[in-house]
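Novice: What follows is my_file28.txt; its format and atoms are compact mmCIF, C-alpha atoms and all ligand atoms.
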# COMPACT_ATOMS: atom_id res chain seq x y z
CA MET O 13 0.00 0.00 0.00
CA ILE O 14 1.16 3.48 -0.77
CA GLY O 15 1.45 5.76 2.23
CA ALA O 16 0.97 9.05 0.38
CA PRO O 17 0.54 9.84 -3.32
CA ALA O 18 3.63 10.76 -5.32
CA PRO O 19 3.97 14.46 -4.68
CA VAL O 20 3.97 15.70 -8.28
CA GLY O 21 2.42 12.78 -10.18
CA LEU O 22 4.37 10.40 -12.39
CA GLN O 23 5.24 13.06 -14.95
CA GLY O 24 7.09 15.05 -12.29
CA GLU O 25 9.82 12.47 -11.83
CA ASN O 26 12.19 14.27 -14.15
CA THR O 27 12.91 16.73 -11.39
CA PRO O 28 16.00 15.64 -9.43
CA LEU O 29 15.21 12.96 -6.89
CA ALA O 30 15.23 14.42 -3.42
CA ASN O 31 15.89 11.10 -1.74
CA THR O 32 15.28 7.40 -2.00
CA GLU O 33 11.94 7.76 -0.22
CA ARG O 34 10.71 9.98 -3.06
CA ARG O 35 11.97 7.43 -5.60
CA ARG O 36 10.09 4.69 -3.72
CA LEU O 37 6.87 6.65 -4.06
CA PHE O 38 7.28 6.77 -7.83
CA VAL O 39 7.90 3.02 -7.89
CA LEU O 40 4.71 2.43 -5.92
CA GLU O 41 2.73 4.72 -8.22
CA ARG O 42 3.83 2.75 -11.28
CA GLU O 43 3.26 -0.60 -9.58
CA LYS O 44 -0.36 0.43 -9.06
CA LEU O 45 -0.71 0.16 -12.85
CA PHE O 46 0.48 -3.49 -12.86
CA ARG O 47 -1.94 -6.40 -13.18
CA LYS O 48 -3.14 -7.42 -9.69
CA GLY O 49 -0.59 -9.49 -7.77
CA ILE O 50 2.41 -8.76 -10.01
CA ALA O 51 4.00 -6.22 -7.67
CA SER O 52 4.41 -8.77 -4.89
CA ILE O 53 6.14 -11.37 -7.10
CA LYS O 54 9.86 -11.83 -6.54
CA ALA O 55 11.72 -12.02 -9.87
CA TYR O 56 13.52 -15.24 -10.81
CA VAL O 57 17.12 -15.15 -9.61
CA PRO O 58 19.38 -16.66 -12.28
CA GLY O 59 22.87 -17.97 -11.60
CA LYS O 60 25.41 -15.15 -11.63
CA PRO O 61 26.92 -14.78 -15.13
CA MET O 62 30.65 -15.55 -15.46
CA GLU O 63 31.24 -12.26 -17.30
CA ASP O 64 29.90 -10.25 -14.32
CA VAL O 65 32.13 -12.03 -11.82
CA MET O 66 35.21 -11.68 -14.05
CA ARG O 67 34.59 -7.96 -14.52
CA GLU O 68 33.75 -7.26 -10.87
CA LEU O 69 36.71 -9.17 -9.44
CA GLY O 70 39.21 -8.69 -12.26
CA LEU O 71 39.51 -12.44 -12.83
CA THR O 72 40.49 -13.97 -16.15
CA GLU O 73 39.12 -17.43 -15.43
CA VAL O 74 35.94 -18.37 -13.67
CA VAL O 75 34.22 -21.72 -13.18
CA LYS O 76 30.43 -21.46 -13.17
CA LEU O 77 28.69 -24.24 -11.25
CA ALA O 78 25.53 -22.26 -10.59
CA SER O 79 22.93 -23.01 -13.27
CA ASN O 80 23.11 -26.76 -13.90
CA GLU O 81 24.48 -26.19 -17.39
CA ASN O 82 26.28 -28.78 -19.46
CA PRO O 83 30.04 -28.63 -18.76
CA LEU O 84 30.85 -30.51 -21.99
CA GLY O 85 29.34 -27.82 -24.20
CA PRO O 86 26.52 -28.29 -26.68
CA SER O 87 25.81 -31.55 -28.50
CA PRO O 88 28.36 -31.57 -31.38
CA LYS O 89 25.68 -32.74 -33.81
CA ALA O 90 23.44 -29.84 -32.78
CA LEU O 91 26.31 -27.39 -33.13
CA GLN O 92 27.14 -28.62 -36.62
CA ALA O 93 23.49 -28.39 -37.68
CA ILE O 94 23.28 -24.81 -36.39
CA LYS O 95 26.43 -23.81 -38.28
CA GLU O 96 25.03 -25.24 -41.49
CA SER O 97 21.75 -23.34 -41.07
CA LEU O 98 22.92 -19.89 -40.06
CA ASP O 99 22.16 -18.35 -43.44
CA SER O 100 18.47 -19.29 -43.24
CA ILE O 101 17.56 -17.10 -40.29
CA ASN O 102 15.92 -14.52 -42.52
CA TYR O 103 12.98 -16.97 -42.61
CA TYR O 104 10.52 -17.40 -39.77
CA PRO O 105 10.68 -20.76 -38.04
CA ASP O 106 7.97 -23.36 -38.47
CA GLY O 107 5.54 -22.26 -35.74
CA ALA O 108 4.18 -25.78 -35.39
CA CYS O 109 7.67 -27.39 -35.17
CA LEU O 110 6.42 -30.13 -37.46
CA ALA O 111 9.66 -32.02 -38.19
CA LEU O 112 10.76 -31.91 -34.57
CA THR O 113 7.33 -32.93 -33.31
CA GLN O 114 7.16 -35.92 -35.67
CA LYS O 115 10.60 -37.12 -34.70
CA LEU O 116 10.01 -36.73 -30.98
CA ALA O 117 6.59 -38.38 -31.15
CA GLN O 118 8.18 -41.40 -32.77
CA ARG O 119 11.02 -41.44 -30.26
CA LEU O 120 8.69 -41.19 -27.27
CA ASP O 121 5.90 -43.30 -28.76
CA VAL O 122 3.26 -40.64 -28.13
CA ASP O 123 0.62 -38.90 -30.26
CA PRO O 124 2.25 -35.97 -32.13
CA GLU O 125 -0.90 -33.96 -31.42
CA GLY O 126 -0.01 -34.26 -27.74
CA ILE O 127 3.35 -32.46 -28.05
CA ILE O 128 4.06 -28.73 -27.85
CA PHE O 129 7.43 -27.01 -28.16
CA ALA O 130 8.37 -23.62 -26.70
CA ASN O 131 11.19 -21.20 -25.99
CA GLY O 132 12.70 -23.41 -23.28
CA GLU O 133 10.85 -25.38 -20.64
CA ASP O 134 10.47 -22.17 -18.68
CA ASN O 135 8.22 -20.91 -21.47
CA ILE O 136 6.24 -24.19 -21.23
CA ILE O 137 5.74 -23.61 -17.50
CA SER O 138 4.31 -20.13 -18.04
CA LEU O 139 2.15 -21.43 -20.90
CA VAL O 140 0.73 -24.13 -18.62
CA SER O 141 -0.17 -21.54 -15.96
CA LYS O 142 -1.70 -19.23 -18.59
CA THR O 143 -3.77 -22.01 -20.12
CA PHE O 144 -5.14 -23.59 -16.95
CA LEU O 145 -5.09 -21.20 -13.99
CA ASN O 146 -7.99 -18.87 -13.30
CA GLU O 147 -7.66 -16.08 -10.77
CA GLY O 148 -8.24 -17.40 -7.26
CA GLU O 149 -7.54 -21.05 -8.15
CA GLU O 150 -4.79 -22.89 -6.31
CA MET O 151 -1.46 -24.28 -7.48
CA ILE O 152 0.51 -26.66 -5.27
CA MET O 153 4.29 -27.09 -5.38
CA ALA O 154 7.07 -28.33 -3.12
CA ASP O 155 9.18 -26.00 -1.00
CA PRO O 156 11.92 -25.65 -2.06
CA SER O 157 11.34 -26.22 -5.75
CA PHE O 158 11.75 -24.46 -9.08
CA SER O 159 10.67 -20.84 -8.65
CA SER O 160 9.21 -20.44 -12.15
CA PHE O 161 6.22 -22.50 -11.01
CA GLU O 162 5.37 -19.86 -8.42
CA ILE O 163 6.09 -16.86 -10.64
CA SER O 164 3.92 -18.14 -13.50
CA ALA O 165 1.01 -19.08 -11.22
CA ARG O 166 1.02 -15.84 -9.29
CA ALA O 167 1.12 -13.86 -12.53
CA MET O 168 -2.27 -15.44 -13.31
CA GLY O 169 -3.64 -14.41 -9.92
CA ALA O 170 -3.61 -17.96 -8.60
CA LYS O 171 -2.90 -18.81 -4.97
CA VAL O 172 0.37 -20.70 -4.47
CA ILE O 173 0.41 -23.44 -1.84
CA LYS O 174 3.94 -24.50 -0.92
CA VAL O 175 4.41 -27.85 0.78
CA PRO O 176 7.73 -28.29 2.65
CA VAL O 177 9.88 -31.23 1.55
CA ARG O 178 10.30 -34.15 4.00
CA SER O 179 13.23 -34.27 6.41
CA ASP O 180 15.06 -36.44 3.84
CA PHE O 181 14.59 -33.55 1.31
CA VAL O 182 12.18 -35.61 -0.81
CA THR O 183 8.98 -33.93 -2.03
CA ASP O 184 6.19 -34.82 0.42
CA LEU O 185 3.41 -36.24 -1.77
CA ASN O 186 1.24 -37.25 1.20
CA ALA O 187 1.25 -33.66 2.46
CA MET O 188 0.62 -32.39 -1.08
CA LEU O 189 -2.44 -34.61 -1.36
CA THR O 190 -3.75 -33.24 1.92
CA ALA O 191 -3.30 -29.72 0.51
CA VAL O 192 -5.65 -30.41 -2.44
CA THR O 193 -8.96 -28.49 -2.17
CA PRO O 194 -11.90 -27.94 -4.56
CA LYS O 195 -9.98 -24.86 -5.76
CA THR O 196 -6.80 -26.76 -6.72
CA LYS O 197 -6.18 -26.70 -10.47
CA LEU O 198 -2.47 -27.42 -10.96
CA ILE O 199 0.27 -29.30 -9.13
CA PHE O 200 3.84 -28.80 -10.30
CA LEU O 201 5.85 -31.84 -9.29
CA CYS O 202 9.51 -31.37 -10.12
CA ASN O 203 10.90 -34.90 -10.47
CA PRO O 204 13.83 -34.90 -9.87
CA ASN O 205 13.36 -31.82 -7.75
CA ASN O 206 15.39 -28.66 -8.24
CA PRO O 207 17.19 -27.75 -5.96
CA THR O 208 17.16 -30.87 -3.75
CA GLY O 209 18.10 -33.36 -6.50
CA THR O 210 15.80 -36.02 -5.03
CA ILE O 211 13.13 -38.07 -6.80
CA ASN O 212 9.69 -39.40 -6.00
CA THR O 213 9.36 -43.09 -6.82
CA ARG O 214 6.90 -44.73 -9.19
CA GLN O 215 5.02 -46.15 -6.23
CA GLU O 216 4.73 -42.73 -4.56
CA VAL O 217 3.64 -40.95 -7.74
CA GLU O 218 1.05 -43.60 -8.61
CA LYS O 219 -0.47 -43.51 -5.15
CA PHE O 220 -0.56 -39.72 -5.39
CA LEU O 221 -2.17 -39.76 -8.84
CA ALA O 222 -4.81 -42.21 -7.67
CA GLY O 223 -5.79 -39.75 -4.93
CA LEU O 224 -6.15 -36.70 -7.19
CA PRO O 225 -9.63 -35.51 -8.17
CA ASP O 226 -10.46 -34.95 -11.86
CA HIS O 227 -10.29 -31.15 -11.61
CA VAL O 228 -6.55 -31.29 -10.92
CA ILE O 229 -3.77 -31.44 -13.52
CA LEU O 230 -0.41 -32.84 -12.47
CA VAL O 231 2.60 -31.32 -14.24
CA LEU O 232 5.69 -33.52 -14.05
CA ASP O 233 8.77 -31.38 -14.65
CA GLU O 234 11.42 -33.82 -15.86
CA ALA O 235 14.18 -31.35 -16.80
CA TYR O 236 16.85 -33.63 -15.29
CA LYS O 237 15.34 -36.99 -16.18
CA GLU O 238 18.34 -38.22 -18.19
CA PHE O 239 20.64 -38.03 -15.14
CA VAL O 240 18.47 -40.26 -12.96
CA GLU O 241 19.91 -43.65 -12.04
CA ASP O 242 17.41 -44.87 -9.47
CA PRO O 243 15.36 -47.71 -11.03
CA ALA O 244 12.36 -46.64 -8.90
CA TYR O 245 12.06 -43.44 -10.98
CA PRO O 246 8.70 -43.37 -12.79
CA GLU O 247 8.20 -42.96 -16.53
CA GLY O 248 5.95 -39.89 -16.57
CA LEU O 249 4.88 -40.52 -20.17
CA ASP O 250 3.16 -43.76 -19.07
CA TYR O 251 0.58 -41.60 -17.26
CA VAL O 252 0.04 -39.48 -20.37
CA ARG O 253 -0.38 -42.64 -22.48
CA ALA O 254 -2.88 -43.92 -19.92
CA GLY O 255 -4.99 -40.78 -20.43
CA LYS O 256 -4.41 -39.30 -16.95
CA ASN O 257 -4.58 -35.55 -16.24
CA VAL O 258 -0.79 -35.38 -16.53
CA LEU O 259 1.51 -33.10 -18.48
CA VAL O 260 5.20 -33.98 -18.77
CA SER O 261 7.63 -31.14 -19.45
CA ARG O 262 11.25 -31.53 -20.53
CA THR O 263 14.13 -29.51 -21.93
CA PHE O 264 17.09 -29.68 -24.31
CA SER O 265 18.98 -27.26 -22.02
CA LYS O 266 20.59 -29.80 -19.73
CA VAL O 267 21.77 -33.13 -21.09
CA TYR O 268 22.00 -31.84 -24.70
CA GLY O 269 23.76 -28.61 -23.65
CA LEU O 270 21.41 -26.27 -25.52
CA ALA O 271 20.47 -23.90 -22.67
CA GLY O 272 21.51 -20.83 -24.65
CA ILE O 273 19.35 -21.52 -27.66
CA ARG O 274 16.12 -22.27 -25.75
CA VAL O 275 14.05 -25.31 -26.54
CA GLY O 276 11.72 -27.24 -24.28
CA PHE O 277 8.49 -29.16 -24.71
CA ALA O 278 5.46 -30.64 -23.02
CA VAL O 279 3.64 -33.90 -23.68
CA GLY O 280 0.04 -34.46 -22.64
CA HIS O 281 -3.41 -35.38 -23.85
CA PRO O 282 -3.98 -33.67 -27.24
CA ASP O 283 -7.01 -31.88 -25.74
CA PHE O 284 -4.84 -30.26 -23.05
CA ILE O 285 -1.99 -29.52 -25.46
CA GLY O 286 -4.53 -28.10 -27.91
CA GLY O 287 -5.49 -25.48 -25.32
CA MET O 288 -1.87 -24.49 -24.88
CA LYS O 289 -1.39 -24.23 -28.66
CA ARG O 290 -4.24 -21.71 -28.90
CA ILE O 291 -2.32 -19.15 -26.86
CA ARG O 292 1.33 -19.90 -27.54
CA GLU O 293 3.44 -17.29 -29.27
CA ALA O 294 3.34 -17.96 -33.00
CA PHE O 295 7.10 -18.53 -33.33
CA ALA O 296 8.17 -19.36 -29.78
CA THR O 297 10.74 -21.97 -30.81
CA ASN O 298 13.28 -20.25 -33.01
CA ARG O 299 14.59 -21.70 -36.24
CA LEU O 300 18.07 -22.62 -34.98
CA ALA O 301 16.64 -24.11 -31.79
CA GLN O 302 14.45 -26.47 -33.81
CA ILE O 303 17.37 -27.44 -36.05
CA ALA O 304 19.62 -28.00 -33.04
CA ALA O 305 17.07 -30.10 -31.17
CA LEU O 306 16.38 -32.23 -34.22
CA ALA O 307 20.09 -33.03 -34.54
CA ALA O 308 20.58 -33.48 -30.79
CA LEU O 309 17.95 -36.23 -30.75
CA ASP O 310 20.41 -38.29 -32.84
CA ASP O 311 23.34 -37.57 -30.55
CA ASP O 312 23.10 -40.56 -28.22
CA GLU O 313 26.86 -40.81 -28.00
CA PHE O 314 27.07 -37.28 -26.53
CA LEU O 315 24.18 -37.95 -24.17
CA GLN O 316 25.91 -41.05 -22.81
CA ARG O 317 29.18 -39.20 -22.34
CA VAL O 318 27.45 -36.36 -20.50
CA VAL O 319 25.66 -38.77 -18.17
CA ALA O 320 28.90 -40.69 -17.48
CA VAL O 321 30.94 -37.54 -16.76
CA ASN O 322 28.16 -36.30 -14.49
CA LYS O 323 28.01 -39.57 -12.56
CA GLU O 324 31.75 -39.53 -11.98
CA GLY O 325 31.61 -35.88 -10.86
CA ARG O 326 28.72 -36.54 -8.50
CA GLU O 327 30.62 -39.43 -6.88
CA TYR O 328 33.70 -37.22 -6.56
CA PHE O 329 31.65 -34.55 -4.77
CA TYR O 330 30.24 -37.14 -2.33
CA GLN O 331 33.70 -38.44 -1.58
CA GLU O 332 35.10 -34.94 -1.02
CA PHE O 333 32.13 -33.75 1.05
CA ASP O 334 32.57 -36.85 3.24
CA ARG O 335 36.26 -36.04 3.65
CA LEU O 336 35.41 -32.44 4.61
CA GLY O 337 32.66 -33.59 6.98
CA LEU O 338 29.95 -31.66 5.10
CA PRO O 339 26.38 -33.02 4.98
CA TYR O 340 24.89 -33.33 1.48
CA VAL O 341 21.82 -34.70 -0.27
CA LYS O 342 22.39 -37.63 -2.64
CA SER O 343 21.32 -36.39 -6.05
CA GLN O 344 19.74 -37.92 -9.14
CA THR O 345 20.66 -34.86 -11.20
CA ASN O 346 23.62 -32.79 -12.40
CA TYR O 347 23.83 -30.78 -9.15
CA VAL O 348 24.30 -31.53 -5.46
CA MET O 349 23.08 -29.68 -2.37
CA VAL O 350 25.74 -29.38 0.31
CA ASP O 351 25.67 -27.87 3.79
CA THR O 352 28.79 -25.71 4.22
CA LYS O 353 27.85 -25.14 7.88
CA LYS O 354 28.80 -21.47 7.41
CA ASP O 355 26.88 -18.38 6.31
CA ILE O 356 26.38 -19.18 2.64
CA ARG O 357 26.31 -15.51 1.60
CA GLN O 358 29.88 -15.19 2.86
CA VAL O 359 30.97 -18.53 1.38
CA PHE O 360 29.41 -17.50 -1.96
CA GLU O 361 31.37 -14.22 -1.97
CA ASP O 362 34.60 -15.91 -0.91
CA LEU O 363 34.25 -18.63 -3.55
CA GLN O 364 33.76 -15.99 -6.23
CA ARG O 365 37.05 -14.41 -5.25
CA GLU O 366 38.58 -17.85 -5.84
CA GLY O 367 36.97 -17.88 -9.30
CA VAL O 368 34.09 -20.27 -8.58
CA ILE O 369 30.37 -19.41 -8.82
CA ILE O 370 27.87 -21.65 -7.01
CA ARG O 371 24.19 -21.13 -6.18
CA PRO O 372 23.78 -19.96 -2.57
CA ALA O 373 20.69 -21.62 -1.11
CA TYR O 374 19.57 -18.71 1.07
CA ILE O 375 17.17 -18.04 -1.80
CA TRP O 376 15.39 -21.22 -0.63
CA ASP O 377 15.73 -20.28 3.07
CA MET O 378 18.64 -22.67 3.57
CA PRO O 379 21.19 -20.18 4.94
CA THR O 380 24.22 -22.50 5.11
CA TRP O 381 23.58 -24.62 2.02
CA ALA O 382 24.82 -24.39 -1.57
CA ARG O 383 23.58 -26.00 -4.76
CA VAL O 384 26.59 -26.92 -6.84
CA SER O 385 26.36 -28.04 -10.47
CA VAL O 386 28.59 -30.92 -11.48
CA GLY O 387 31.29 -29.69 -13.88
CA THR O 388 34.18 -31.28 -15.70
CA ARG O 389 36.76 -33.16 -13.62
CA GLU O 390 39.00 -30.05 -13.56
CA GLU O 391 36.15 -27.70 -12.63
CA ASN O 392 34.99 -29.99 -9.82
CA LYS O 393 38.52 -30.14 -8.47
CA LYS O 394 38.89 -26.37 -8.61
CA PHE O 395 35.62 -25.99 -6.70
CA ILE O 396 36.64 -28.44 -3.97
CA GLN O 397 40.04 -26.78 -3.56
CA ALA O 398 38.38 -23.35 -3.33
CA LEU O 399 35.75 -24.61 -0.91
CA GLU O 400 38.36 -26.17 1.36
CA LYS O 401 40.34 -22.92 1.37
CA VAL O 402 37.27 -20.74 1.99
CA LEU O 403 35.98 -22.90 4.84
CA ALA O 404 39.36 -23.20 6.53
C1 LIG P 501 13.38 -27.95 -12.82
C2 LIG P 501 13.58 -27.09 -14.00
N1 LIG P 501 12.59 -26.96 -14.87
C3 LIG P 501 12.72 -26.18 -15.95
C4 LIG P 501 13.88 -25.50 -16.21
C5 LIG P 501 13.94 -24.59 -17.39
O1 LIG P 501 14.65 -25.12 -18.42
P1 LIG P 501 14.80 -24.32 -19.77
O2 LIG P 501 16.23 -23.95 -19.89
O3 LIG P 501 14.38 -25.30 -20.83
O4 LIG P 501 13.89 -23.14 -19.73
C6 LIG P 501 14.95 -25.60 -15.33
C7 LIG P 501 16.19 -24.86 -15.58
O5 LIG P 501 17.08 -24.77 -14.79
C8 LIG P 501 14.78 -26.42 -14.19
O6 LIG P 501 15.76 -26.53 -13.28
Represent the structure of the file as structure tokens.
Specialist:
Amino acid sequence: MIGAPAPVGLQGENTPLANTERRRLFVLEREKLFRKGIASIKAYVPGKPMEDVMRELGLTEVVKLASNENPLGPSPKALQAIKESLDSINYYPDGACLALTQKLAQRLDVDPEGIIFANGEDNIISLVSKTFLNEGEEMIMADPSFSSFEISARAMGAKVIKVPVRSDFVTDLNAMLTAVTPKTKLIFLCNPNNPTGTINTRQEVEKFLAGLPDHVILVLDEAYKEFVEDPAYPEGLDYVRAGKNVLVSRTFSKVYGLAGIRVGFAVGHPDFIGGMKRIREAFATNRLAQIAALAALDDDEFLQRVVAVNKEGREYFYQEFDRLGLPYVKSQTNYVMVDTKKDIRQVFEDLQREGVIIRPAYIWDMPTWARVSVGTREENKKFIQALEKVLA
């Protein structure tokens, strides 16, 4: 709420600002023009870019283990395909992503009508919220989990119900089921969960699904699916094939290393996907992204290498965290949560000075924890050396 109106109206801001209080009044005046609820949303906090850290600290080399990116670069097949297609970007992309949809449908053994592509999975998440959430309806998610779920739902005026993870950091599906009300429309289940790295098992998910009423849609975010080793991990697409109210969302950003070019997709019943298609941006998935994803789907060799390097890195982290006496959460993804037992804001700053960027977990109210992406062998080693020095 605004305490007093801006003294000279919005147009008067060009006069020199008397003080920060005056500036705050102008901010509040403009926020009054926002759609209801937007002003109270906290913006997504991305991992700190390497360029910023290098500039700020005068470093020439920085290791970024903050955004769960692919340390081996992009899929070579995707890269080659992009290079060969650069001179076609004067043409709009195929808005329907026909070639990519056909290939993926075959690969996944699903109805092509039940697939939608977008500008990264993040764009899919906001499209899901836009398509299904009415003002005042409820969306349930784990806490902590991926913040885009909350941002997209609140932007639609929905109420966000956050259910704390269990003491073993696994998403609490029993508690989520208890949180379902007649107003619940969407549940975003991040499996594996970001940032905890844990999974819900097939048995847990199926029991959960069986308890959901028909007015609820379950969104399974499987951004890190390819890194999962646990045989109890469910195949989300089985629920789509069985005609359940389930949407599965995935990305080419992680295992295929295409985060910078933006391509993600959702699979669901064609009737649900049809609703999303009505309101998607006409050309959300750019031309090079489609070409890259099409080629990446044939790059099994790269995928296997990425998964193997990640597994080795994850094991190395466990071994080193054990040696340093630091608690951590066993992960099914390409990142690991570790308790540094120190103020993570300070550790984050100190690590940057050593040329390493991690994700400080105070953003998820875990003031001594860090989420660290698995890098190459050299990057992981540099991080551990820096961490040991910083904590000493
Ligand atoms: C759980 C989860 N879902 C979705 C995304 C978004 O992926 P994309 O790069 O395709 O937008 C991320 C990215 O970090 C993620 O961690």
Novice: Around ligand LIG 501 (chain P), at most 9 Å away and counting all atoms listed in the file, which residues are there? Put them as a VMD selection string, please.
Specialist: chain O and resid 58 79 to 81 130 to 137 157 to 161 202 to 207 233 to 236 261 to 266 270 to 277
Novice: What does the distance from CA of Asp184 (chain O) to CA of Phe220 (chain O) come to in Å, to one decimal?
Specialist: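 Separation of CA of Asp184 (chain O) and CA of Phe220 (chain O): 10.2 Å.
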Novice: Just the number, please: distance in Å from CA of Arg365 (chain O) to CA of Val348 (chain O), one decimal.
Specialist: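 For CA of Arg365 (chain O) relative to CA of Val348 (chain O), the distance reads 21.3 Å.
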Novice: What's around region 306-311 of chain O at 6 Å? Count all atoms listed in the file, leave out sequence neighbours fewer than 3 positions away in its own chain, and write the answer as a PyMOL selection string.
Specialist: chain O and resi 89-90+112+303+314
Novice: Show which residues sit within 10 Å of Pro225 (chain O), as JSON, numbers by chain. Count all atoms listed in the file, and ignore same-chain residues fewer than 4 positions away.
Specialist: {"O": [189, 192, 193, 194, 196, 197, 221, 229, 257]}
Novice: Need the neighbours of (21.2, -22.5, -41.0): which residues are at most 12 Å away, counting only C-alpha atoms, as a VMD selection string?
Specialist: chain O and resid 90 to 105 298 to 304
Novice: Selection from above, C-alpha atoms, as a PDB file, keeping the file's coordinate frame, can you write it?
Specialist:
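Final output, saved to again.pdb:
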ATOM      1  CA  ALA O  90      23.440 -29.840 -32.780  1.00  0.00           C
ATOM      2  CA  LEU O  91      26.310 -27.390 -33.130  1.00  0.00           C
ATOM      3  CA  GLN O  92      27.140 -28.620 -36.620  1.00  0.00           C
ATOM      4  CA  ALA O  93      23.490 -28.390 -37.680  1.00  0.00           C
ATOM      5  CA  ILE O  94      23.280 -24.810 -36.390  1.00  0.00           C
ATOM      6  CA  LYS O  95      26.430 -23.810 -38.280  1.00  0.00           C
ATOM      7  CA  GLU O  96      25.030 -25.240 -41.490  1.00  0.00           C
ATOM      8  CA  SER O  97      21.750 -23.340 -41.070  1.00  0.00           C
ATOM      9  CA  LEU O  98      22.920 -19.890 -40.060  1.00  0.00           C
ATOM     10  CA  ASP O  99      22.160 -18.350 -43.440  1.00  0.00           C
ATOM     11  CA  SER O 100      18.470 -19.290 -43.240  1.00  0.00           C
ATOM     12  CA  ILE O 101      17.560 -17.100 -40.290  1.00  0.00           C
ATOM     13  CA  ASN O 102      15.920 -14.520 -42.520  1.00  0.00           C
ATOM     14  CA  TYR O 103      12.980 -16.970 -42.610  1.00  0.00           C
ATOM     15  CA  TYR O 104      10.520 -17.400 -39.770  1.00  0.00           C
ATOM     16  CA  PRO O 105      10.680 -20.760 -38.040  1.00  0.00           C
ATOM     17  CA  ASN O 298      13.280 -20.250 -33.010  1.00  0.00           C
ATOM     18  CA  ARG O 299      14.590 -21.700 -36.240  1.00  0.00           C
ATOM     19  CA  LEU O 300      18.070 -22.620 -34.980  1.00  0.00           C
ATOM     20  CA  ALA O 301      16.640 -24.110 -31.790  1.00  0.00           C
ATOM     21  CA  GLN O 302      14.450 -26.470 -33.810  1.00  0.00           C
ATOM     22  CA  ILE O 303      17.370 -27.440 -36.050  1.00  0.00           C
ATOM     23  CA  ALA O 304      19.620 -28.000 -33.040  1.00  0.00           C
TER      24      ALA O 304
END
Novice: Contacts of Gly287 (chain O) at 10 Å or less, counting only C-alpha atoms, minus same-chain residues fewer than 6 places along, as a list in words?
Specialist: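 Residues meeting the cut-off are Leu139, Val140, Lys142, Thr143 and Phe144 of chain O.
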Novice: Write to file, as a compact mmCIF listing (two decimals), keeping the file's coordinate frame, the residues of the selection just made, with C-alpha atoms.
Specialist:
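The file below, part11.txt, is the result:
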# COMPACT_ATOMS: atom_id res chain seq x y z
CA LEU O 139 2.15 -21.43 -20.90
CA VAL O 140 0.73 -24.13 -18.62
CA LYS O 142 -1.70 -19.23 -18.59
CA THR O 143 -3.77 -22.01 -20.12
CA PHE O 144 -5.14 -23.59 -16.95
Novice: In Å, how far is it from CA of Ala382 (chain O) to CA of Val182 (chain O)?
Specialist: 16.9 Å
Novice: Smallest atom-to-atom distance to Gly223 (chain O): which of O:Leu77, O:Glu238, O:Pro246, O:Thr190, using all atoms listed in the file?
Specialist: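 Looking at the shortest contact to Gly223 (chain O), the residue is O:Thr190.
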Novice: Could you name the residues that touch Asp64 (chain O) at 12 Å or less, counting all atoms listed in the file, but leaving out those on the same chain fewer than 2 positions away, as a ChimeraX atom specification?
Specialist: /O:59-62,66-74,76,364,367,369
Novice: Considering all atoms listed in the file, can you say which of O:Gln344, O:Ile128, O:Leu110, O:Arg119 comes closest to Asn212 (chain O)?
Specialist: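 Ranking O:Gln344, O:Ile128, O:Leu110, O:Arg119 by distance to Asn212 (chain O), first place goes to O:Gln344.
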Novice: Which polymer residues have any atom within 9 Å of an atom of Leu249 (chain O), counting all atoms listed in the file, with same-chain residues fewer than 6 positions away left out, as a PyMOL selection string?
Specialist: chain O and resi 120+122+258-260+279-280
Novice: Which polymer residues, whether protein, DNA or RNA, lie within 12 Å of the coordinate (40.2, -25.3, -15.6) when you count all atoms listed in the file? List them as a PDB file with C-alpha atoms, in the frame of the given file, using the chain letters and numbers from the file.
Specialist:
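Result file follows (selection.pdb):
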ATOM      1  CA  THR O  72      40.490 -13.970 -16.150  1.00  0.00           C
ATOM      2  CA  GLU O  73      39.120 -17.430 -15.430  1.00  0.00           C
ATOM      3  CA  VAL O  74      35.940 -18.370 -13.670  1.00  0.00           C
ATOM      4  CA  VAL O  75      34.220 -21.720 -13.180  1.00  0.00           C
ATOM      5  CA  LYS O  76      30.430 -21.460 -13.170  1.00  0.00           C
ATOM      6  CA  PRO O  83      30.040 -28.630 -18.760  1.00  0.00           C
ATOM      7  CA  GLY O 367      36.970 -17.880  -9.300  1.00  0.00           C
ATOM      8  CA  VAL O 368      34.090 -20.270  -8.580  1.00  0.00           C
ATOM      9  CA  GLY O 387      31.290 -29.690 -13.880  1.00  0.00           C
ATOM     10  CA  THR O 388      34.180 -31.280 -15.700  1.00  0.00           C
ATOM     11  CA  ARG O 389      36.760 -33.160 -13.620  1.00  0.00           C
ATOM     12  CA  GLU O 390      39.000 -30.050 -13.560  1.00  0.00           C
ATOM     13  CA  GLU O 391      36.150 -27.700 -12.630  1.00  0.00           C
ATOM     14  CA  ASN O 392      34.990 -29.990  -9.820  1.00  0.00           C
ATOM     15  CA  LYS O 393      38.520 -30.140  -8.470  1.00  0.00           C
ATOM     16  CA  LYS O 394      38.890 -26.370  -8.610  1.00  0.00           C
ATOM     17  CA  PHE O 395      35.620 -25.990  -6.700  1.00  0.00           C
TER      18      PHE O 395
END
